[in-house]
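Novice: This is the structure I have questions about; it appears just below.
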Amino acid sequence: MVWGSDHMALTIEQIGPCFAGEVRGLDLTKPLTPGDAAAIHDGMDEFAVLVCRGPKLDNAQHLAFTLALGPIEQAIGTSLRAVEDNRLSTDFADVSNLDKEDKPFERQDRRRLFAIGNRLWHSDSSFKTTPAKYSLLHAHSIPRKGGNTEFADMRAAYDALDADMKQQVEGLICEHSQIYSRGKIGFTDLTDEERARFAPVRQVLVRSHPVTGRKSLYLSSHAGSVLGQPGPEGNIFLQDLIEHATQRQFVYAHEWQVGDLVIWDNRQTMHRARPFHFAEPRDMRRTTLAGDGPTVPISPP
């Protein structure tokens, strides 16, 4: 697929089994033109995950690229890093395994153990009232082995449901919280302040894309209950859906290279990080495009 841009032909070639494309003909070090930004949005609507290979960007270049696509979501209060321990500004979600001295976290560091929850299938910021639109993750350093990121196409997963299951999931609402996702890996070491900060929010289980109209399952490890269903029943229902949605025919596995910028649409995909040796640096920096609004109307107080 080829789009005309303001200075060269931008092309996107599908690389995943049913989604995911690689962008070519785009210089990430230069400002993103309006034509290229429109092409990226069109490509995201079709492929849901875009891979841009290029040189390593500095934070200003990464942020400028993101802002050319839309307003960003600030990374505040979503991890266990204290403000004084941040390596990056709040324009970035620091999804590295590094402390503020750029040293890998010790194996028992609770910040590292909390971040292991990213190895579960999830959608970024589904635990926020207004969940995220795009995530843009850039690789500054990668481990010698492991540390890939896998993506699952929630549109194809929805399409593959039988008619009875499509009827069952329609209209359902789930509660999302990082308390739920971390509980699934046995991490319960949260303070009262953290539990209050991670209070559950409500999200629909089926989303329709605002441009294409295509339906997708809105699943995440952060989802911990289905409203109207007993707890165990709702949890196993969600687990069955996640198993269905992450079958290999729906999954693209990205093998990182330094300089890669991968963009994904959290409304249409899930993703997960894969294991790597804890003592090896994995410096990954994410900007996040803000969502358009809540998926469930907020009731007046």
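Letters for chains follow the order of the structure tokens (A, B, ...), residue numbers begin at 1 for each chain, and ligand numbers begin at 1 in the order shown.
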When you look at stretch 131-148 of chain A with a cut-off of 6 Å (counting only C-alpha atoms), what residues show up, excluding the ones that are within fewer than 4 positions of it in the same chain? I need them as a VMD selection string.
Specialist: chain A and resid 125 to 126 254 to 255 258 to 266 274 to 276 280 282 to 291
Novice: I'd like the contact shell of stretch 36-45 of chain A - 7 Å cut-off, only C-alpha atoms, skipping same-chain residues fewer than 3 positions apart - returned as an NGL selection string.
Specialist: :A and (3 or 5 or 32-33 or 48-50 or 68-69 or 265)
Novice: Save out the residues we just selected, N, CA and C atoms, as a PDB file, in the first residue's frame.
Specialist:
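Dumped everything to out-v1.pdb:
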```
ATOM      1  N   TRP A   3       1.071   5.562  -0.042  1.00  0.00           N
ATOM      2  CA  TRP A   3       0.445   6.868   0.123  1.00  0.00           C
ATOM      3  C   TRP A   3       1.394   7.931  -0.408  1.00  0.00           C
ATOM      4  N   SER A   5       3.139  11.345  -0.025  1.00  0.00           N
ATOM      5  CA  SER A   5       3.420  12.256   1.079  1.00  0.00           C
ATOM      6  C   SER A   5       3.976  13.556   0.522  1.00  0.00           C
ATOM      7  N   LEU A  32       7.273  15.263  11.107  1.00  0.00           N
ATOM      8  CA  LEU A  32       6.225  14.534  10.398  1.00  0.00           C
ATOM      9  C   LEU A  32       5.309  15.538   9.706  1.00  0.00           C
ATOM     10  N   THR A  33       5.179  15.436   8.386  1.00  0.00           N
ATOM     11  CA  THR A  33       4.336  16.359   7.637  1.00  0.00           C
ATOM     12  C   THR A  33       2.865  16.008   7.827  1.00  0.00           C
ATOM     13  N   ALA A  48      -3.473  -1.626  12.423  1.00  0.00           N
ATOM     14  CA  ALA A  48      -3.533  -1.591  13.893  1.00  0.00           C
ATOM     15  C   ALA A  48      -2.166  -1.586  14.575  1.00  0.00           C
ATOM     16  N   VAL A  49      -1.130  -2.119  13.923  1.00  0.00           N
ATOM     17  CA  VAL A  49       0.252  -2.064  14.421  1.00  0.00           C
ATOM     18  C   VAL A  49       1.140  -1.647  13.257  1.00  0.00           C
ATOM     19  N   LEU A  50       1.982  -0.630  13.464  1.00  0.00           N
ATOM     20  CA  LEU A  50       2.930  -0.192  12.444  1.00  0.00           C
ATOM     21  C   LEU A  50       4.342  -0.228  13.013  1.00  0.00           C
ATOM     22  N   ALA A  68       2.644  15.201  16.466  1.00  0.00           N
ATOM     23  CA  ALA A  68       2.137  15.427  15.112  1.00  0.00           C
ATOM     24  C   ALA A  68       0.930  14.554  14.806  1.00  0.00           C
ATOM     25  N   LEU A  69       0.735  13.504  15.619  1.00  0.00           N
ATOM     26  CA  LEU A  69      -0.406  12.598  15.429  1.00  0.00           C
ATOM     27  C   LEU A  69      -1.586  12.951  16.319  1.00  0.00           C
ATOM     28  N   ASP A 265      -2.481   0.403  18.139  1.00  0.00           N
ATOM     29  CA  ASP A 265      -3.778   0.965  18.506  1.00  0.00           C
ATOM     30  C   ASP A 265      -4.349   0.131  19.643  1.00  0.00           C
TER      31      ASP A 265
END
```
Novice: Can you check which residues of stretch 239-291 of chain A DSSP gives as strand (DSSP E or B) on the backbone and send them as JSON, numbers by chain?
Specialist: {"A": [251, 252, 253, 254, 261, 262, 263, 264, 265, 269, 270, 271, 272, 273, 276, 283, 284, 285, 286, 287, 288, 289]}
Novice: Residues as selected, N, CA and C atoms, written as a CSV table (one decimal), in the first residue's frame, can you do that?
Specialist:
```csv
chain,number,residue,atom,x,y,z
A,251,VAL,N,-1.7,-13.4,16.1
A,251,VAL,CA,-0.5,-12.8,16.8
A,251,VAL,C,0.6,-12.5,15.9
A,252,TYR,N,1.1,-11.3,16.0
A,252,TYR,CA,2.4,-10.8,15.4
A,252,TYR,C,3.4,-10.6,16.5
A,253,ALA,N,4.6,-11.3,16.4
A,253,ALA,CA,5.7,-11.2,17.3
A,253,ALA,C,6.8,-10.3,16.8
A,254,HIS,N,7.1,-9.2,17.5
A,254,HIS,CA,8.1,-8.2,17.0
A,254,HIS,C,9.4,-8.5,17.7
A,261,LEU,N,10.7,2.0,16.1
A,261,LEU,CA,9.5,2.7,16.7
A,261,LEU,C,8.3,1.9,16.3
A,262,VAL,N,7.6,1.3,17.3
A,262,VAL,CA,6.4,0.5,17.0
A,262,VAL,C,5.2,1.2,17.5
A,263,ILE,N,4.2,1.4,16.7
A,263,ILE,CA,3.0,2.1,17.0
A,263,ILE,C,1.9,1.1,17.0
A,264,TRP,N,1.1,1.1,18.1
A,264,TRP,CA,-0.1,0.2,18.1
A,264,TRP,C,-1.3,0.9,18.6
A,265,ASP,N,-2.5,0.4,18.1
A,265,ASP,CA,-3.8,1.0,18.5
A,265,ASP,C,-4.3,0.1,19.6
A,269,THR,N,-6.1,-3.8,19.7
A,269,THR,CA,-5.1,-4.9,19.9
A,269,THR,C,-4.8,-5.1,21.4
A,270,MET,N,-4.2,-6.2,21.7
A,270,MET,CA,-3.6,-6.5,23.0
A,270,MET,C,-2.1,-6.7,22.7
A,271,HIS,N,-1.3,-6.6,23.7
A,271,HIS,CA,0.1,-6.9,23.5
A,271,HIS,C,0.7,-7.4,24.8
A,272,ARG,N,1.9,-8.0,24.8
A,272,ARG,CA,2.6,-8.4,26.0
A,272,ARG,C,4.1,-8.4,25.7
A,273,ALA,N,4.9,-8.1,26.7
A,273,ALA,CA,6.4,-8.2,26.6
A,273,ALA,C,6.7,-9.7,26.9
A,276,PHE,N,13.2,-11.7,29.5
A,276,PHE,CA,14.6,-11.5,29.2
A,276,PHE,C,15.4,-11.5,30.5
A,283,ASP,N,16.1,-0.7,27.5
A,283,ASP,CA,15.7,0.7,27.6
A,283,ASP,C,14.6,0.9,26.5
A,284,MET,N,13.4,1.0,26.9
A,284,MET,CA,12.2,1.2,26.0
A,284,MET,C,11.4,2.4,26.6
A,285,ARG,N,11.1,3.3,25.7
A,285,ARG,CA,10.5,4.6,26.1
A,285,ARG,C,9.2,4.7,25.2
A,286,ARG,N,8.1,5.0,25.9
A,286,ARG,CA,6.8,5.0,25.3
A,286,ARG,C,6.1,6.3,25.4
A,287,THR,N,5.6,6.9,24.3
A,287,THR,CA,4.7,8.0,24.4
A,287,THR,C,3.3,7.4,24.1
A,288,THR,N,2.3,8.1,24.5
A,288,THR,CA,0.9,7.5,24.4
A,288,THR,C,0.0,8.6,23.9
A,289,LEU,N,-0.7,8.3,22.9
A,289,LEU,CA,-1.8,9.2,22.4
A,289,LEU,C,-3.0,9.1,23.2
```
Novice: Compare A:Lys30, A:Arg248, A:His122, A:Arg107 by their minimum atom-to-atom distance to A:Gln61, counting only C-alpha atoms, and give me the closest one.
Specialist: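 Of all the options, A:Lys30 lies closest to A:Gln61.
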Novice: Residues within 8 Å of stretch 84-89 of chain A, please, as number ranges by chain. Count only C-alpha atoms; anything in the same chain fewer than 6 positions from it doesn't count.
Specialist: A: 99-102
Novice: Record the distance separating atom CA of A:Gly183 and atom CA of A:Gln74, expressed in Å with one decimal.
Specialist: 24.9 Å
Novice: Against stretch 198-221 of chain A, which residues of stretch 16-123 of chain A fall within 10 Å? For each one I want the closest pair of atoms and the distance in Å (one decimal), counting only C-alpha atoms, rows by chain and increasing residue number, as a Markdown table.
Specialist:
```
| residue | atom | partner | partner_atom | distance |
| --- | --- | --- | --- | --- |
| A:Asp42 | CA | A:Val211 | CA | 9.5 |
| A:Asp45 | CA | A:Thr212 | CA | 7.0 |
| A:Glu46 | CA | A:Thr212 | CA | 8.4 |
| A:Gly77 | CA | A:Phe198 | CA | 8.8 |
| A:Thr78 | CA | A:Phe198 | CA | 8.1 |
| A:Ser79 | CA | A:Phe198 | CA | 9.9 |
| A:Gly117 | CA | A:Ser221 | CA | 8.5 |
| A:Asn118 | CA | A:Ser221 | CA | 9.0 |
| A:Arg119 | CA | A:Ser221 | CA | 9.6 |
| A:Leu120 | CA | A:Ser221 | CA | 6.2 |
| A:Trp121 | CA | A:Ser221 | CA | 5.8 |
| A:His122 | CA | A:Ser220 | CA | 4.0 |
| A:Ser123 | CA | A:Ser220 | CA | 5.4 |
```
Novice: Which residues, written as a ChimeraX atom specification, have at least one atom at most 12 Å from A:Asp189, with only C-alpha atoms counted and residues fewer than 6 positions away on the same chain left out?
Specialist: /A:80,109-111,113-114,179,182-183,195
Novice: So that I can check the secondary structure, give me every residue of stretch 16-209 of chain A assigned helix (DSSP H, G or I) by backbone DSSP, as a PyMOL selection string.
Specialist: chain A and resi 34-47+59-67+83-85+110-119+154-159+163-169+178-184+192-197
Novice: Looking at A:Ala82, A:Leu241, A:Leu98, A:Val296, which one is nearest to A:Glu175, with distances taken over only C-alpha atoms?
Specialist: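 Checking each candidate against A:Glu175, we get A:Val296 as the closest.
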Novice: Which residue out of A:Met165, A:Val83, A:Ile76, A:Ala93 has the minimum interatomic distance to A:Arg197 when only C-alpha atoms are used?
Specialist: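 Of all the options, A:Ile76 lies closest to A:Arg197.
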Novice: May I have the residues within 7 Å of stretch 18-21 of chain A as a list in words, using only C-alpha atoms and disregarding those fewer than 4 positions away in the same chain?
Specialist: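 Those residues are Ile12, Glu13, Gln14, Phe47, Ala48, Val49, Leu50, Val51, Asp153 and Phe250 of chain A.
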Novice: One decimal, in Å: what's the spacing between atom CA of A:Thr191 and atom CA of A:Gln108?
Specialist: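 We find that atom CA of A:Thr191 and atom CA of A:Gln108 lie 17.1 Å from each other.
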Novice: Report, in Å to a single decimal, how far apart atom CA of A:Leu238 and atom CA of A:Ile173 are.
Specialist: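 The value is 11.3 Å.
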